[in-house]
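Q: The structure follows.
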Amino acid sequence: MEFGIDSFAVTLPDPKTGRTLPAAERMERLLAEVEVADRAGLDVFGIGEHHRAEFLDAAPAIILAAAAARTRTIRLTSAVTVLSAADPVRVFQEFATLDLIAKGRAEIVVGRGSFGEAYPLFGFAAQDYDALFVEKLDLLLALRDQTQVTWRGRFRPPLSGQGVYPRPHQDRLPIWIGVGGTPASFARAGTLGLPLMVAIIGGSFQRFRPLVELYREAGRKAGHAPETLKVGVHAVGFVADTDRAAQEAFYPGWAQMFGKIGAERGWPSTDLREQFKAMCGPYGAYLIGAPETVAAKVLDANAALGGLSRLTFQMSSAMQEPDAMERSITLLGTEVMPRVKAELAKAV
């Protein structure tokens with residue numbers, strides 16, 4: 001199992017002081033986090049894509065390129081690229097260029113996005129949400145496999161054999177499909193034989209088992225070998241020396257972000273503290289706690305979903321405390337990851 005971190009470059013006010021970091025300072029802290037993850041031996045670092053005031057990740061390939069120049073071994077990916085609202089040719093060029101800078105460490109996770117701001121911003125209709133993704137994924141995969149592509153679709157001018165450059169350092173740029181809870185998305189990824197990244201930001205891991213099995217069954221029916229059907233999970237997580245320290249570090253930023261998004265989306269009013277506590281408990285999907293607590297929950301998640309190839313932690317809600325973030329990243333790489341891998345090795 002690979003371990004990593006996903007960041008949305010959150011820039012909300014500090015709940016304790018009310019101060020918002022200047023954007024340049026927040027960006028510098030983010031790049032420092034990637035360096036810490038690289039030194040801690042983590043496998044991957046992802047940058048999301050949003051087009052909102054509280055996130056600085058509107059151009060993930062640029063952030064990842066800056067990180068590539070400051071790291072040595074960690075793989076660098078989007079988390080996710082909102083492909084429905086992008087030009088696949090440009091996406092491929094950006095990540096191929098990143099791959100050259102990183103000398104073969106770039107990946108792409110593509111999806112439709114959990115926020116809708118990108119669609120009107122780039123001139124696309126929300127009702128074409130799924131059709132846009134299907135068509136653009138088809139083109140992106142063609143660009144990965146061929147330098148000169150002949151292609152025609154509804155939402156982009158056709159290609160008639162033009163060369164698309166540069167080509168990446170890797171022979172085949174890894175492309176994952178990022179999904180939420182839509183069954184058709186799981187089946188699509190399986191049919192295409194693409195690795196799956198599941199965002200699990202609430203509830204329990206176990207409730208996603210039927211969807212993961214749908215992915216695996218679709219892949220089997222399409223003739224893909226089981227070992228090629230990788231399953232990754234993007235989850236809310238944070239590590240500290242004790243369970244209490246982890247929860248106290250993470251909760252203020254989480255409550256601020258969750259409350260803001262919940263109000264925008266009209267979610268029912270709830271006791272946020274109790275909801276957070278439940279999600280951190282043994283049956284909740286938050287991987288927040290001391291190393292031994294988090295490692296045990298990771299092993300439970302792995303069993304619940306029939307085996308995971310990758311697990312990435314979304315820690316952005318605690319970004320106000322750089323020392324706590326560095327400690328969390330380090331503990332994830334030096335304490336949690338070795339514990340989990342040792343237990344998985346025993347089961348082989």
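Numbering starts fresh at 1 for the residues of each chain in the structure tokens, the chains themselves are lettered A, B, ... in the order given, and ligands are numbered from 1 as they appear.
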How would you write, as a CSV table (one decimal) with C-alpha atoms, in the first residue's frame, the set of residues in region 80-289 of chain A that DSSP gives as strand (DSSP E)?

A:
```csv
chain,number,residue,atom,x,y,z
A,81,THR,CA,-8.0,17.6,-12.2
A,82,VAL,CA,-11.5,18.9,-13.2
A,106,ALA,CA,4.0,12.7,-12.3
A,107,GLU,CA,0.5,11.3,-12.3
A,108,ILE,CA,-3.0,12.6,-13.0
A,109,VAL,CA,-6.2,11.9,-11.1
A,110,VAL,CA,-9.1,13.1,-13.2
A,111,GLY,CA,-12.7,13.7,-12.2
A,148,GLN,CA,-0.5,12.2,-33.4
A,149,VAL,CA,-4.2,11.9,-32.7
A,150,THR,CA,-7.2,12.0,-35.0
A,151,TRP,CA,-10.3,12.6,-32.9
A,159,LEU,CA,-7.8,16.9,-34.1
A,160,SER,CA,-6.6,15.7,-37.5
A,161,GLY,CA,-3.2,14.1,-36.7
A,162,GLN,CA,-1.5,17.1,-35.1
A,163,GLY,CA,1.4,16.2,-32.9
A,175,ILE,CA,-4.1,8.4,-15.1
A,176,TRP,CA,-6.4,7.6,-12.3
A,177,ILE,CA,-10.2,8.2,-12.1
A,178,GLY,CA,-11.4,10.1,-9.1
A,179,VAL,CA,-14.9,9.2,-7.9
A,196,LEU,CA,-9.6,4.2,-9.0
A,197,MET,CA,-9.3,6.9,-6.4
A,198,VAL,CA,-12.3,7.0,-4.1
A,199,ALA,CA,-13.0,10.2,-2.0
A,200,ILE,CA,-14.4,9.0,1.4
A,231,VAL,CA,-8.1,1.0,-5.6
A,232,GLY,CA,-7.0,4.1,-3.8
A,233,VAL,CA,-8.8,6.1,-1.1
A,234,HIS,CA,-8.6,9.8,-0.3
A,235,ALA,CA,-9.7,10.3,3.3
A,236,VAL,CA,-9.6,13.0,6.0
A,237,GLY,CA,-6.7,12.3,8.2
A,238,PHE,CA,-4.2,13.8,10.7
A,239,VAL,CA,-1.6,12.3,13.0
A,287,LEU,CA,-8.1,8.7,10.2
A,288,ILE,CA,-7.3,11.1,13.0
A,289,GLY,CA,-5.3,10.1,16.1
```

Q: Tell me, counting only C-alpha atoms, for each residue of region 60-125 of chain A within 10 Å of region 137-140 of chain A, which pair of atoms is nearest and how far apart they are in Å to one decimal, in rows ordered by chain and increasing number, as a tab-separated table.

A:
```
residue	atom	partner	partner_atom	distance
A:Leu83	CA	A:Leu137	CA	7.3
A:Ser84	CA	A:Leu137	CA	8.3
A:Asp87	CA	A:Leu140	CA	9.0
A:Pro88	CA	A:Leu140	CA	5.3
A:Val89	CA	A:Leu140	CA	7.0
A:Arg90	CA	A:Leu140	CA	9.6
A:Val91	CA	A:Leu140	CA	8.1
A:Phe92	CA	A:Leu140	CA	6.8
A:Val110	CA	A:Leu137	CA	8.1
A:Gly111	CA	A:Leu137	CA	9.1
```

Q: Take the selection from the previous step and output its residues with N, CA and C atoms, as a compact mmCIF listing (two decimals), in the first residue's frame.

A:
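selection-v3.txt, freshly written:
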```
# COMPACT_ATOMS: atom_id res chain seq x y z
N LEU A 83 -11.41 17.56 -15.19
CA LEU A 83 -11.22 17.36 -16.62
C LEU A 83 -12.41 17.85 -17.43
N SER A 84 -13.60 17.77 -16.88
CA SER A 84 -14.80 18.19 -17.62
C SER A 84 -14.73 19.64 -18.06
N ASP A 87 -9.22 21.58 -21.15
CA ASP A 87 -8.86 21.09 -22.47
C ASP A 87 -7.90 19.92 -22.28
N PRO A 88 -8.27 18.71 -22.68
CA PRO A 88 -7.39 17.57 -22.46
C PRO A 88 -6.01 17.71 -23.09
N VAL A 89 -5.92 18.42 -24.21
CA VAL A 89 -4.61 18.63 -24.82
C VAL A 89 -3.72 19.42 -23.88
N ARG A 90 -4.27 20.49 -23.30
CA ARG A 90 -3.48 21.32 -22.40
C ARG A 90 -3.14 20.56 -21.11
N VAL A 91 -4.10 19.79 -20.61
CA VAL A 91 -3.84 18.99 -19.41
C VAL A 91 -2.68 18.03 -19.67
N PHE A 92 -2.73 17.35 -20.81
CA PHE A 92 -1.66 16.40 -21.11
C PHE A 92 -0.32 17.12 -21.22
N VAL A 110 -8.11 12.32 -12.56
CA VAL A 110 -9.10 13.15 -13.24
C VAL A 110 -10.49 12.86 -12.68
N GLY A 111 -11.31 13.89 -12.66
CA GLY A 111 -12.68 13.73 -12.19
C GLY A 111 -13.54 14.87 -12.68
```

Q: Pick out each residue of region 46-124 of chain A that DSSP on the backbone tags as helix (DSSP H, G or I); I need them as number ranges by chain.

A: A: 60-68, 83-85, 88-102, 118-121

Q: Restricting the calculation to only C-alpha atoms: of A:Ala218, A:Ala85, A:Ala187, A:Met1, which residue gets closest to Phe155 (chain A)?

A: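 Distance minimum relative to Phe155 (chain A) lands on A:Ala85.
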
Q: If you count only C-alpha atoms, which residues fall within 9 Å of region 314-330 of chain A, apart from same-chain ones fewer than 2 positions away, as a PyMOL selection string?

A: chain A and resi 5-15+20-21+26+29-30+32-33+36-37+39-42+234-241+246+249-257+312+332-335

Q: Name the closest residue to Glu217 (chain A) among the candidates A:Pro291, A:Gly193, A:Gly281, A:Gly48; distances are taken between atoms, counting only C-alpha atoms.

A: A:Gly193
